[in-house]
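Below is input07.txt, which holds compact mmCIF, C-alpha atoms.
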# COMPACT_ATOMS: atom_id res chain seq x y z
CA MET A 1 -33.83 -49.45 -50.66
CA PRO A 2 -37.14 -48.78 -48.99
CA ARG A 3 -35.89 -50.77 -46.00
CA LEU A 4 -32.77 -48.59 -45.90
CA LYS A 5 -34.84 -45.45 -46.01
CA GLN A 6 -37.04 -46.77 -43.24
CA SER A 7 -33.95 -47.58 -41.21
CA HIS A 8 -32.60 -44.05 -41.69
CA THR A 9 -35.89 -42.57 -40.62
CA ALA A 10 -35.92 -44.65 -37.46
CA ALA A 11 -32.35 -43.70 -36.68
CA GLY A 12 -33.23 -40.08 -37.21
CA TRP A 13 -36.13 -40.25 -34.75
CA LEU A 14 -33.90 -42.06 -32.26
CA ALA A 15 -31.21 -39.43 -32.55
CA ALA A 16 -33.73 -36.65 -32.20
CA ALA A 17 -35.21 -38.33 -29.16
CA MET A 18 -31.78 -38.72 -27.62
CA LEU A 19 -30.95 -35.09 -28.31
CA LEU A 20 -34.18 -33.97 -26.80
CA THR A 21 -33.66 -36.17 -23.77
CA SER A 22 -30.10 -35.05 -23.19
CA GLY A 23 -31.13 -31.50 -23.95
CA CYS A 24 -33.81 -31.63 -21.30
CA ALA A 25 -31.38 -33.20 -18.89
CA ALA A 26 -28.84 -30.49 -19.61
CA LEU A 27 -31.44 -27.83 -19.07
CA ASP A 28 -32.54 -29.46 -15.85
CA ASN A 29 -28.97 -29.68 -14.64
CA SER A 30 -28.07 -26.12 -15.47
CA SER A 31 -31.28 -24.91 -13.96
CA ALA A 32 -30.67 -26.93 -10.83
CA ASP A 33 -27.09 -25.62 -10.59
CA ALA A 34 -28.23 -22.07 -10.89
CA ARG A 35 -30.95 -22.54 -8.30
CA GLY A 36 -28.55 -24.31 -5.99
CA SER A 37 -26.06 -21.49 -6.10
CA ASP A 38 -28.61 -18.73 -5.68
CA ALA A 39 -30.72 -20.65 -3.23
CA SER A 40 -27.92 -20.93 -0.69
CA TYR A 41 -27.69 -17.15 -0.56
CA GLU A 42 -31.44 -16.69 -0.55
CA GLN A 43 -31.92 -19.33 2.10
CA ALA A 44 -29.25 -17.74 4.28
CA TYR A 45 -30.88 -14.37 3.71
CA ALA A 46 -34.30 -15.73 4.67
CA ASP A 47 -32.94 -17.51 7.71
CA HIS A 48 -31.55 -14.34 9.26
CA GLU A 49 -32.66 -10.89 10.22
CA PRO A 50 -31.97 -8.76 7.11
CA LEU A 51 -28.92 -6.55 7.47
CA HIS A 52 -30.01 -2.92 7.54
CA VAL A 53 -27.63 -0.87 5.44
CA VAL A 54 -26.63 2.77 5.32
CA GLY A 55 -23.75 4.37 3.45
CA TYR A 56 -22.02 3.29 0.30
CA PRO A 57 -21.58 -0.46 0.02
CA SER A 58 -20.47 -2.21 -3.14
CA THR A 59 -21.91 -5.59 -4.02
CA GLY A 60 -18.70 -7.23 -2.81
CA SER A 61 -18.37 -5.39 0.49
CA LEU A 62 -22.06 -5.87 1.23
CA LEU A 63 -21.98 -9.59 0.52
CA VAL A 64 -18.95 -10.27 2.70
CA MET A 65 -20.48 -8.29 5.57
CA GLN A 66 -23.75 -10.17 5.27
CA GLU A 67 -21.82 -13.44 5.41
CA LEU A 68 -19.89 -12.18 8.43
CA VAL A 69 -23.03 -11.27 10.38
CA TRP A 70 -24.76 -14.52 9.47
CA ASP A 71 -21.75 -16.63 10.44
CA ILE A 72 -21.45 -14.81 13.76
CA ALA A 73 -25.17 -15.32 14.40
CA ASP A 74 -24.93 -19.01 13.57
CA GLY A 75 -21.72 -19.55 15.53
CA LYS A 76 -19.93 -20.89 12.45
CA THR A 77 -16.30 -20.47 13.42
CA ASP A 78 -14.92 -22.34 10.43
CA ALA A 79 -17.00 -20.46 7.87
CA LEU A 80 -16.18 -17.16 9.55
CA ARG A 81 -12.43 -17.69 9.61
CA LYS A 82 -12.51 -18.45 5.90
CA LEU A 83 -13.55 -14.85 5.30
CA ALA A 84 -10.18 -13.64 6.60
CA THR A 85 -7.69 -11.72 4.47
CA SER A 86 -4.20 -13.10 3.93
CA ASP A 87 -2.96 -10.69 6.60
CA SER A 88 -3.71 -13.11 9.40
CA SER A 89 -2.52 -16.64 10.07
CA GLU A 90 -5.05 -19.44 10.32
CA SER A 91 -4.78 -19.47 14.09
CA GLU A 92 -5.24 -15.71 14.28
CA ALA A 93 -8.31 -15.88 12.06
CA THR A 94 -9.76 -18.75 14.06
CA LYS A 95 -9.22 -16.99 17.38
CA THR A 96 -10.72 -13.79 16.00
CA ALA A 97 -13.73 -15.72 14.73
CA GLU A 98 -14.20 -17.31 18.15
CA ASN A 99 -13.95 -13.92 19.83
CA TRP A 100 -16.47 -12.32 17.53
CA ILE A 101 -18.93 -15.18 17.91
CA LYS A 102 -18.57 -15.05 21.69
CA GLY A 103 -18.79 -11.27 21.79
CA PHE A 104 -21.43 -10.53 19.18
CA GLY A 105 -23.35 -13.79 18.75
CA THR A 106 -26.39 -12.59 20.66
CA GLY A 107 -26.45 -9.23 18.97
CA ALA A 108 -25.98 -10.71 15.51
CA ARG A 109 -29.14 -12.76 15.90
CA GLY A 110 -31.14 -9.55 16.29
CA LYS A 111 -31.34 -6.38 14.24
CA VAL A 112 -28.00 -5.26 12.85
CA THR A 113 -27.20 -2.13 10.86
CA GLY A 114 -24.08 -1.79 8.75
CA ASP A 115 -22.69 1.70 8.09
CA PHE A 116 -20.54 1.48 4.96
CA TYR A 117 -18.07 4.35 4.82
CA ASP A 118 -16.85 6.37 1.83
CA GLY A 119 -17.01 3.76 -0.90
CA GLY A 120 -16.27 0.14 -1.55
CA SER A 121 -14.24 -0.04 -4.76
CA GLU A 122 -11.30 -1.94 -3.27
CA ARG A 123 -11.51 -1.57 0.50
CA GLN A 124 -14.01 -0.21 2.98
CA VAL A 125 -14.48 0.55 6.64
CA VAL A 126 -17.79 -0.82 7.92
CA VAL A 127 -19.28 -0.20 11.35
CA LEU A 128 -21.86 -2.67 12.60
CA TYR A 129 -24.50 -1.65 15.11
CA PHE A 130 -25.93 -4.62 17.04
CA HIS A 131 -29.14 -3.04 18.25
CA ASP A 132 -30.33 -5.67 20.73
CA SER A 133 -27.03 -5.87 22.56
CA ARG A 134 -26.24 -2.16 22.01
CA GLN A 135 -22.79 -3.01 20.69
CA VAL A 136 -20.82 -1.21 17.98
CA LYS A 137 -17.88 -2.70 16.10
CA GLU A 138 -15.64 -1.51 13.27
CA PHE A 139 -14.49 -3.85 10.51
CA THR A 140 -12.16 -3.47 7.53
CA VAL A 141 -13.02 -5.34 4.36
CA ARG A 142 -10.94 -5.36 1.22
CA LEU A 143 -10.25 -7.17 -2.01
CA ASP A 144 -7.51 -9.69 -1.40
CA GLY A 145 -5.75 -12.28 -3.52
CA ASP A 146 -3.68 -12.66 -6.65
CA ALA A 147 -4.35 -10.24 -9.48
CA GLY A 148 -7.32 -11.50 -11.39
CA LYS A 149 -8.46 -13.76 -8.55
CA GLU A 150 -9.31 -11.21 -5.88
CA ASN A 151 -12.18 -11.68 -3.47
CA TRP A 152 -13.67 -9.56 -0.74
CA ARG A 153 -12.32 -10.55 2.64
CA VAL A 154 -12.39 -9.30 6.23
CA LEU A 155 -9.37 -8.21 8.24
CA MET A 156 -9.28 -10.66 11.16
CA LYS A 157 -6.46 -9.95 13.58
CA SER A 158 -8.27 -9.56 16.90
CA THR A 159 -6.90 -12.43 18.93
CA ASP A 160 -7.41 -10.55 22.17
CA PHE A 161 -11.04 -10.67 23.27
CA LYS A 162 -11.08 -7.11 24.58
CA ASP A 163 -9.68 -5.84 21.29
CA ALA A 164 -12.10 -8.04 19.37
CA VAL A 165 -15.17 -6.44 20.94
CA HIS A 166 -13.75 -2.95 21.39
CA ALA A 167 -16.12 -0.26 20.16
CA PRO A 168 -14.66 2.42 17.90
CA THR A 169 -14.39 5.77 19.66
CA TRP A 170 -14.78 7.68 16.43
CA ALA A 171 -18.04 6.16 15.19
CA PRO A 172 -21.27 8.11 15.68
CA LYS A 173 -23.82 6.78 18.16
CA GLU A 174 -26.34 6.23 15.41
CA PRO A 175 -25.56 4.65 12.03
CA GLY A 176 -25.23 7.24 9.32
CA GLY A 177 -24.58 9.94 11.89
CA THR A 178 -21.63 11.35 9.97
CA GLY A 179 -23.12 10.80 6.54
CA SER A 180 -21.02 7.67 6.20
CA ARG A 181 -17.96 9.80 5.46
CA THR A 182 -14.87 9.20 7.53
CA ASN A 183 -13.62 12.72 6.82
CA ASN A 184 -16.64 14.12 8.61
CA ASN A 185 -15.37 12.87 11.92
CA MET B 1 7.23 26.02 -12.41
CA ARG B 2 4.48 24.32 -14.37
CA ASN B 3 4.49 21.08 -16.24
CA LYS B 4 2.80 20.28 -19.54
CA LEU B 5 -0.59 20.13 -17.93
CA GLY B 6 -0.19 23.43 -16.19
CA ARG B 7 0.10 21.77 -12.83
CA THR B 8 2.35 23.50 -10.36
CA ILE B 9 5.52 21.66 -9.63
CA THR B 10 7.59 22.46 -6.64
CA GLY B 11 9.83 20.37 -4.56
CA ALA B 12 12.00 19.22 -7.43
CA ALA B 13 14.50 21.88 -6.66
CA VAL B 14 14.41 21.34 -2.94
CA LEU B 15 14.95 17.61 -2.89
CA ALA B 16 17.20 17.05 0.02
CA LEU B 17 20.31 15.56 -1.39
CA THR B 18 23.49 14.48 0.23
CA ALA B 19 26.86 15.48 -1.02
CA THR B 20 26.70 12.62 -3.50
CA GLY B 21 23.49 13.95 -4.88
CA VAL B 22 21.38 11.11 -3.61
CA ALA B 23 18.58 11.05 -1.14
CA THR B 24 19.50 8.73 1.65
CA GLY B 25 17.74 7.10 4.49
CA PRO B 26 17.46 3.93 6.44
CA ALA B 27 16.96 0.77 4.46
CA ASP B 28 13.28 0.47 5.29
CA ALA B 29 12.71 4.18 5.26
CA SER B 30 9.21 5.49 4.85
CA THR B 31 8.42 9.02 3.88
CA ASP B 32 7.65 11.62 6.48
CA VAL B 33 4.27 13.06 5.59
CA GLY B 34 3.75 15.02 8.78
CA ASP B 35 1.44 14.52 11.72
CA ALA B 36 -1.02 12.30 9.95
CA ALA B 37 1.51 9.53 9.70
CA SER B 38 3.28 10.11 12.96
CA ALA B 39 2.16 6.76 14.31
CA VAL B 40 4.74 4.92 12.25
CA VAL B 41 5.82 1.72 13.93
CA PRO B 42 8.60 -0.66 12.99
CA ASP B 43 7.63 -3.14 10.36
CA ALA B 44 7.76 -6.59 11.85
CA VAL B 45 7.14 -8.35 8.58
CA TRP B 46 10.58 -8.27 7.10
CA THR B 47 12.86 -11.10 7.96
CA ALA B 48 16.60 -11.28 8.01
CA ASN B 49 16.69 -14.01 5.41
CA GLY B 50 17.83 -11.63 2.74
CA TRP B 51 16.61 -11.30 -0.79
CA PRO B 52 15.86 -14.46 -2.66
CA ALA B 53 18.32 -15.62 -5.27
CA PRO B 54 17.43 -14.79 -8.87
CA SER B 55 14.56 -16.96 -9.88
CA ALA B 56 15.27 -20.41 -11.20
CA ASP B 57 11.75 -20.47 -12.47
CA PRO B 58 11.67 -22.62 -15.61
CA HIS B 59 8.80 -20.56 -16.97
CA LEU B 60 11.02 -17.78 -18.11
CA PRO B 61 9.45 -15.44 -20.60
CA ASP B 62 11.40 -14.13 -23.53
CA ALA B 63 12.89 -10.68 -23.71
CA SER B 64 9.48 -9.23 -24.48
CA GLY B 65 7.96 -10.77 -21.44
CA ASN B 66 5.94 -13.38 -23.28
CA ILE B 67 5.52 -16.83 -21.85
CA PRO B 68 3.82 -19.82 -23.45
CA ALA B 69 0.25 -20.32 -22.37
CA ASP B 70 0.96 -23.88 -21.30
CA GLN B 71 3.53 -22.62 -18.85
CA GLU B 72 1.13 -20.45 -16.91
CA GLU B 73 1.69 -21.13 -13.26
CA ALA B 74 -0.92 -22.36 -10.86
CA PRO B 75 -2.22 -19.68 -8.48
CA GLN B 76 0.16 -19.11 -5.63
CA PRO B 77 -0.37 -17.16 -2.43
CA LEU B 78 0.62 -13.58 -2.99
CA ILE B 79 2.05 -13.30 0.46
CA ASP B 80 5.18 -15.35 0.78
CA GLU B 81 6.57 -14.66 4.20
CA GLY B 82 10.18 -15.41 4.69
CA VAL B 83 11.50 -14.61 1.26
CA TYR B 84 11.54 -10.87 1.79
CA GLY B 85 14.57 -9.17 3.09
CA PRO B 86 15.11 -5.78 4.57
CA ASP B 87 14.95 -2.95 2.07
CA THR B 88 18.65 -2.62 1.59
CA ASP B 89 18.08 0.23 -0.79
CA SER B 90 20.91 0.00 -3.26
CA ALA B 91 19.49 3.04 -5.02
CA SER B 92 20.23 5.16 -2.03
CA ALA B 93 23.89 4.51 -2.48
CA SER B 94 24.05 4.95 -6.23
CA ALA B 95 25.12 8.08 -8.00
CA GLU B 96 22.72 10.31 -9.93
CA PRO B 97 23.32 9.79 -13.67
CA THR B 98 24.48 12.83 -15.62
CA GLY B 99 24.82 13.79 -19.28
CA PRO B 100 22.58 13.21 -22.32
CA ALA B 101 23.25 9.48 -22.54
CA ALA B 102 22.50 9.05 -18.89
CA ALA B 103 19.35 11.14 -19.22
CA ALA B 104 18.09 8.81 -21.93
CA SER B 105 18.48 5.91 -19.56
CA VAL B 106 16.49 7.60 -16.81
CA ILE B 107 12.78 7.10 -16.29
CA SER B 108 10.81 10.24 -17.04
CA GLY B 109 8.78 11.31 -14.03
CA ASN B 110 6.86 13.85 -16.04
CA GLY B 111 6.17 11.23 -18.70
CA THR B 112 4.88 8.83 -16.08
CA ALA B 113 2.63 11.43 -14.48
CA ASN B 114 1.37 12.80 -17.79
CA TRP B 115 0.43 9.35 -19.05
CA ALA B 116 -1.33 8.56 -15.80
CA TYR B 117 -3.16 11.89 -15.71
CA ASN B 118 -4.30 11.54 -19.32
CA ASN B 119 -5.34 7.90 -18.95
CA LEU B 120 -7.15 7.89 -15.63
CA ASP B 121 -10.23 6.49 -17.31
CA THR B 122 -8.36 3.62 -18.89
CA LYS B 123 -10.07 0.31 -18.25
CA TRP B 124 -9.46 -1.42 -14.93
CA GLU B 125 -8.04 -4.83 -15.84
CA TYR B 126 -8.10 -6.12 -12.27
CA ARG B 127 -10.42 -5.57 -9.35
CA THR B 128 -7.39 -4.12 -7.58
CA ASP B 129 -5.85 -2.25 -10.49
CA CYS B 130 -3.59 0.26 -8.73
CA ALA B 131 -0.24 -1.39 -9.48
CA ASN B 132 -1.24 -2.37 -13.00
CA PHE B 133 -2.19 1.25 -13.70
CA VAL B 134 1.09 2.56 -12.28
CA SER B 135 3.06 -0.03 -14.23
CA LYS B 136 1.39 1.02 -17.46
CA ALA B 137 2.21 4.66 -16.71
CA LEU B 138 5.85 3.77 -16.04
CA TYR B 139 6.02 1.77 -19.26
CA HIS B 140 4.07 3.97 -21.67
CA GLY B 141 4.89 7.35 -20.13
CA GLY B 142 8.08 6.95 -18.16
CA GLY B 143 9.89 4.74 -20.64
CA MET B 144 10.62 2.01 -18.12
CA GLN B 145 11.49 -1.12 -20.06
CA MET B 146 10.26 -4.61 -19.38
CA ARG B 147 12.61 -7.09 -17.79
CA PRO B 148 12.26 -10.82 -18.42
CA GLY B 149 12.18 -13.28 -15.58
CA GLY B 150 9.93 -15.55 -13.58
CA ARG B 151 6.41 -14.36 -12.94
CA LYS B 152 7.04 -14.00 -9.22
CA ALA B 153 10.66 -12.90 -9.37
CA ASP B 154 11.60 -9.49 -8.02
CA ASN B 155 13.93 -8.80 -10.94
CA ALA B 156 11.21 -9.35 -13.54
CA TRP B 157 8.70 -6.76 -14.70
CA TRP B 158 6.65 -7.55 -17.78
CA GLN B 159 3.28 -7.95 -19.34
CA GLY B 160 2.60 -10.44 -22.08
CA LYS B 161 1.76 -9.14 -25.51
CA TYR B 162 -0.57 -11.96 -26.37
CA GLY B 163 -2.68 -12.25 -23.28
CA PHE B 164 -0.20 -14.39 -21.36
CA GLY B 165 -0.52 -12.37 -18.22
CA LYS B 166 1.78 -10.11 -16.30
CA SER B 167 4.50 -10.45 -13.70
CA TRP B 168 3.49 -9.99 -10.10
CA SER B 169 5.73 -6.93 -9.92
CA TRP B 170 3.49 -5.42 -12.59
CA THR B 171 0.20 -6.07 -10.79
CA SER B 172 1.01 -6.11 -7.07
CA ALA B 173 1.87 -2.92 -5.19
CA ASP B 174 4.32 -4.59 -2.84
CA TYR B 175 6.08 -6.54 -5.57
CA LEU B 176 6.33 -3.36 -7.66
CA ARG B 177 7.83 -1.51 -4.69
CA ARG B 178 10.43 -4.22 -4.25
CA HIS B 179 11.17 -4.28 -7.97
CA VAL B 180 11.77 -0.55 -8.39
CA THR B 181 13.69 -0.34 -5.15
CA LYS B 182 15.99 -3.21 -5.91
CA TRP B 183 16.22 -3.23 -9.69
CA ARG B 184 15.51 0.30 -10.89
CA ASN B 185 17.72 2.13 -8.44
CA ALA B 186 14.78 3.88 -6.87
CA ALA B 187 15.61 6.38 -4.19
CA THR B 188 13.37 6.85 -1.18
CA VAL B 189 12.14 10.42 -0.87
CA PRO B 190 12.54 11.42 2.77
CA HIS B 191 9.70 13.94 3.07
CA GLU B 192 6.50 14.68 1.21
CA TYR B 193 7.76 18.14 0.29
CA ASN B 194 10.72 16.52 -1.45
CA ALA B 195 8.47 14.58 -3.79
CA LYS B 196 8.49 15.24 -7.53
CA VAL B 197 5.93 14.70 -10.23
CA GLY B 198 6.11 11.08 -11.33
CA ASP B 199 7.24 9.70 -7.98
CA LEU B 200 5.49 6.55 -6.78
CA VAL B 201 3.63 6.57 -3.47
CA PHE B 202 3.22 3.26 -1.67
CA PHE B 203 0.75 2.83 1.20
CA LYS B 204 0.85 0.27 4.01
CA TRP B 205 -2.01 -0.12 6.44
CA LYS B 206 -1.14 -0.91 10.05
CA LYS B 207 -2.75 -4.32 10.32
CA GLU B 208 -1.83 -5.51 6.84
CA LYS B 209 1.31 -7.41 6.04
CA VAL B 210 2.54 -5.55 3.02
CA TYR B 211 2.11 -2.38 1.02
CA ASN B 212 -1.28 -2.79 -0.61
CA HIS B 213 -1.68 0.39 -2.64
CA VAL B 214 0.36 2.55 -4.98
CA ALA B 215 -0.30 5.90 -6.66
CA ILE B 216 1.62 8.47 -8.72
CA VAL B 217 2.45 12.04 -7.73
CA SER B 218 0.75 14.21 -10.35
CA ALA B 219 1.52 17.64 -8.95
CA MET B 220 3.11 19.37 -5.99
CA VAL B 221 1.17 22.23 -4.44
CA GLN B 222 2.93 24.14 -1.70
CA GLY B 223 4.86 21.10 -0.64
CA HIS B 224 1.89 18.76 -0.68
CA ALA B 225 1.46 15.94 -3.15
CA ARG B 226 -1.52 15.52 -5.39
CA ILE B 227 -1.83 11.98 -6.62
CA VAL B 228 -3.52 10.06 -9.40
CA GLN B 229 -4.43 6.42 -9.05
CA HIS B 230 -6.83 3.63 -9.75
CA GLY B 231 -8.49 3.67 -6.37
CA LEU B 232 -11.46 5.08 -4.51
CA LYS B 233 -10.89 8.51 -6.09
CA ASN B 234 -8.78 8.72 -9.21
CA GLU B 235 -7.53 12.21 -8.33
CA THR B 236 -6.90 13.11 -4.73
CA THR B 237 -4.18 14.23 -2.36
CA LEU B 238 -1.79 12.23 -0.27
CA HIS B 239 -3.21 13.70 2.90
CA GLU B 240 -6.79 12.98 1.96
CA VAL B 241 -5.96 9.30 1.60
CA ILE B 242 -4.13 9.25 4.92
CA ASP B 243 -6.85 11.22 6.71
CA ARG B 244 -9.58 8.87 5.53
CA TYR B 245 -8.20 6.07 7.67
CA SER B 246 -6.34 8.03 10.35
CA HIS B 247 -8.91 7.55 13.11
CA THR B 248 -9.82 3.96 12.29
CA SER B 249 -8.33 0.89 13.91
CA ASN B 250 -6.40 0.19 10.74
CA PRO B 251 -4.75 3.49 9.79
CA ILE B 252 -2.11 3.93 7.13
CA GLU B 253 1.09 3.52 9.09
CA LYS B 254 3.63 3.88 6.33
CA VAL B 255 3.81 5.98 3.21
CA THR B 256 6.89 5.42 1.10
CA ILE B 257 7.60 7.73 -1.80
CA VAL B 258 10.15 6.38 -4.24
CA ARG B 259 11.67 7.62 -7.46
CA PRO B 260 12.65 4.82 -9.83
CA LYS B 261 15.58 5.78 -12.02
CA THR B 262 16.90 3.31 -14.51
CA ARG B 263 14.79 2.30 -17.50
CA LYS B 264 16.46 -1.07 -18.08
Can the structure in the file be given as structure tokens, please?
Amino acid sequence: MPRLKQSHTAAGWLAAAMLLTSGCAALDNSSADARGSDASYEQAYADHEPLHVVGYPSTGSLLVMQELVWDIADGKTDALRKLATSDSSESEATKTAENWIKGFGTGARGKVTGDFYDGGSERQVVVLYFHDSRQVKEFTVRLDGDAGKENWRVLMKSTDFKDAVHAPTWAPKEPGGTGSRTNNN
Amino acid sequence: MRNKLGRTITGAAVLALTATGVATGPADASTDVGDAASAVVPDAVWTANGWPAPSADPHLPDASGNIPADQEEAPQPLIDEGVYGPDTDSASASAEPTGPAAAASVISGNGTANWAYNNLDTKWEYRTDCANFVSKALYHGGGMQMRPGGRKADNAWWQGKYGFGKSWSWTSADYLRRHVTKWRNAATVPHEYNAKVGDLVFFKWKKEKVYNHVAIVSAMVQGHARIVQHGLKNETTLHEVIDRYSHTSNPIEKVTIVRPKTRK
């Protein structure tokens, strides 16, 4: 009987040790996962000129525009085309991505200001000001996808280079010039 | 004339009707809303393949729209080019129902609008909740009844009672437009000033494939539609929405106002 009790005690310590070990491992894993996910955003943020923002972005519209500027700056055609809404074919999105990288790559590596118009609940018009290259470009971002699985995406249908880099005639010369309200134009 | 909420209603009496009492127009007719939408261009999306056959989807819900959880479908692309056909609007050729029995079978526009107006703050269930909100108004306020069928089928319109999801026609603006046009005898309203309280307003942006937003006419003021929606502003006007994008590179190119009729 004493031997049995001793055996139980040892088994108990072993189980506790295993639980602690696996518990630590689980904590380490979850912690690493969380860091990994956040770190990719933070690293991308740190690796680029911060996007200056005026207007009324939502978290979703801001994030997709940051990704767009960073991908243009880095010349990442594949990553950029993956931001496209379902309105364009894969070839259209790829060509648009190539055009934007070619047209705005230099500017995107410098200071960029995004003017987020009206509000970003489901869709938003965003005008980017590339300060170094003195370029201005309008973008449409919107939630796209099946109900319950929507994500913020960018309208990418500028297969013609001239159209892809065309500056909007309606946008003010300086970001925020119309109070970020389209109706003020 | 004022409705229950004291909102002015005009236009109901001036709906342009043909001799058969039905608003008519081309199959893919959009509604004339004046200068703001004058840049309407032909829609190149529709194909001549015709409407798809009634769904052979094995995941058919029961009459209440419920489907077993284990039959939930894998996510599919919402845009399914090639299965759409031209809007051969059967509603435009149907006769207006008359009499008490017929009236009971007709969707209540006032009921739809009143429910929507009184429930604007109802919880958004989806990040794009416009069609879901309109569907709930049609169901709870307008008396439109659910129809069983495959989740993606045009003839189906349902939401599960036990958390089993909803048909795409319930949650997607373009699928809802196709459903009411084809299966609820919806008539296309030719002009904004012909709109009535409870009509559905569908919006298509120029560079987007399909209609991506829907709202409900809540009042008519001097021939102009006020609308309620789950969108950027819950209460606004048709023209304010159009104006917001009119000067951008992706303006609203089509506004289609439809009036669904049959409840079943």
Proximal residues of chain B relative to chain A (only C-alpha atoms; 9 Å) as a VMD selection string | chain B and resid 75 to 79 125 to 129 168 171 to 172 207 to 210 231 to 232 240 243 to 245 247 to 250
Just how far from CA of Arg153 in chain A is CA of Ala84 in chain A, in Å to one decimal?
->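 Spanning CA of Ala84 in chain A to CA of Arg153 in chain A is a straight-line distance of 5.5 Å.
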Name the residues, using the chain letters and numbers of the file, that sit within 9 Å of (3.5, 5.4, -16.2) when counting all atoms listed in the file, and give them as a list in words.
->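 Protein, DNA and RNA residues close to (3.5, 5.4, -16.2): Ser108, Gly109, Gly111, Thr112, Ala113, Asn114, Trp115, Ala116, Phe133, Val134, Ser135, Lys136, Ala137, Leu138, Tyr139, His140, Gly141, Gly142, Gly143, Met144, Gly198 and Ile216 of chain B.
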Could the residues in this selection be saved with C-alpha atoms as a PDB file, keeping the file's coordinate frame?
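Writing the result to part10.pdb gives the following:
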ATOM      1  CA  SER B 108      10.810  10.240 -17.040  1.00  0.00           C
ATOM      2  CA  GLY B 109       8.780  11.310 -14.030  1.00  0.00           C
ATOM      3  CA  GLY B 111       6.170  11.230 -18.700  1.00  0.00           C
ATOM      4  CA  THR B 112       4.880   8.830 -16.080  1.00  0.00           C
ATOM      5  CA  ALA B 113       2.630  11.430 -14.480  1.00  0.00           C
ATOM      6  CA  ASN B 114       1.370  12.800 -17.790  1.00  0.00           C
ATOM      7  CA  TRP B 115       0.430   9.350 -19.050  1.00  0.00           C
ATOM      8  CA  ALA B 116      -1.330   8.560 -15.800  1.00  0.00           C
ATOM      9  CA  PHE B 133      -2.190   1.250 -13.700  1.00  0.00           C
ATOM     10  CA  VAL B 134       1.090   2.560 -12.280  1.00  0.00           C
ATOM     11  CA  SER B 135       3.060  -0.030 -14.230  1.00  0.00           C
ATOM     12  CA  LYS B 136       1.390   1.020 -17.460  1.00  0.00           C
ATOM     13  CA  ALA B 137       2.210   4.660 -16.710  1.00  0.00           C
ATOM     14  CA  LEU B 138       5.850   3.770 -16.040  1.00  0.00           C
ATOM     15  CA  TYR B 139       6.020   1.770 -19.260  1.00  0.00           C
ATOM     16  CA  HIS B 140       4.070   3.970 -21.670  1.00  0.00           C
ATOM     17  CA  GLY B 141       4.890   7.350 -20.130  1.00  0.00           C
ATOM     18  CA  GLY B 142       8.080   6.950 -18.160  1.00  0.00           C
ATOM     19  CA  GLY B 143       9.890   4.740 -20.640  1.00  0.00           C
ATOM     20  CA  MET B 144      10.620   2.010 -18.120  1.00  0.00           C
ATOM     21  CA  GLY B 198       6.110  11.080 -11.330  1.00  0.00           C
ATOM     22  CA  ILE B 216       1.620   8.470  -8.720  1.00  0.00           C
TER      23      ILE B 216
END
Neighbour list for Leu63 in chain A as a list in words, cut-off 9 Å, all atoms listed in the file, skip fewer than 5 positions in-chain = Ser58, Leu68 and Trp152 of chain A
Have a look at CA of His52 in chain A and CA of Gly114 in chain A and let me know their distance in Å, one decimal.
->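 Computed distance, CA of His52 in chain A to CA of Gly114 in chain A, equals 6.2 Å.
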For CA of Gly179 in chain A and CA of Ile227 in chain B, quote the distance in Å rounded to one decimal.
->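 CA of Ile227 in chain B lies at a distance of 25.1 Å from CA of Gly179 in chain A.
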As a PDB file with C-alpha atoms, keeping the file's coordinate frame, please: the residues near Thr237 in chain B (cut-off 10 Å, all atoms listed in the file, same-chain neighbours under 5 positions excluded).
ATOM      1  CA  VAL B 217       2.450  12.040  -7.730  1.00  0.00           C
ATOM      2  CA  SER B 218       0.750  14.210 -10.350  1.00  0.00           C
ATOM      3  CA  ALA B 219       1.520  17.640  -8.950  1.00  0.00           C
ATOM      4  CA  MET B 220       3.110  19.370  -5.990  1.00  0.00           C
ATOM      5  CA  VAL B 221       1.170  22.230  -4.440  1.00  0.00           C
ATOM      6  CA  HIS B 224       1.890  18.760  -0.680  1.00  0.00           C
ATOM      7  CA  ALA B 225       1.460  15.940  -3.150  1.00  0.00           C
ATOM      8  CA  ARG B 226      -1.520  15.520  -5.390  1.00  0.00           C
ATOM      9  CA  ILE B 227      -1.830  11.980  -6.620  1.00  0.00           C
ATOM     10  CA  VAL B 228      -3.520  10.060  -9.400  1.00  0.00           C
ATOM     11  CA  ILE B 242      -4.130   9.250   4.920  1.00  0.00           C
ATOM     12  CA  ASP B 243      -6.850  11.220   6.710  1.00  0.00           C
TER      13      ASP B 243
END
Give the answer as one residue: which of A:Ala164, A:Ala73, A:Val126, A:Val154 has the shortest atom-to-atom distance to Gly176 in chain A, using all atoms listed in the file?
->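 Ranking A:Ala164, A:Ala73, A:Val126, A:Val154 by distance to Gly176 in chain A, first place goes to A:Val126.
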Please provide as a PyMOL selection string all residues within 7 Å of Asp174 in chain B, with the sequence filter that same-chain residues fewer than 2 positions apart are discarded (counting only C-alpha atoms).
-> chain B and resi 172+176-178+210-212
Name the closest residue to Asn99 in chain A among the candidates A:Leu80, A:Pro175, A:Tyr129, A:Ser40; distances are taken between atoms, counting only C-alpha atoms.
->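 Distance minimum relative to Asn99 in chain A lands on A:Leu80.
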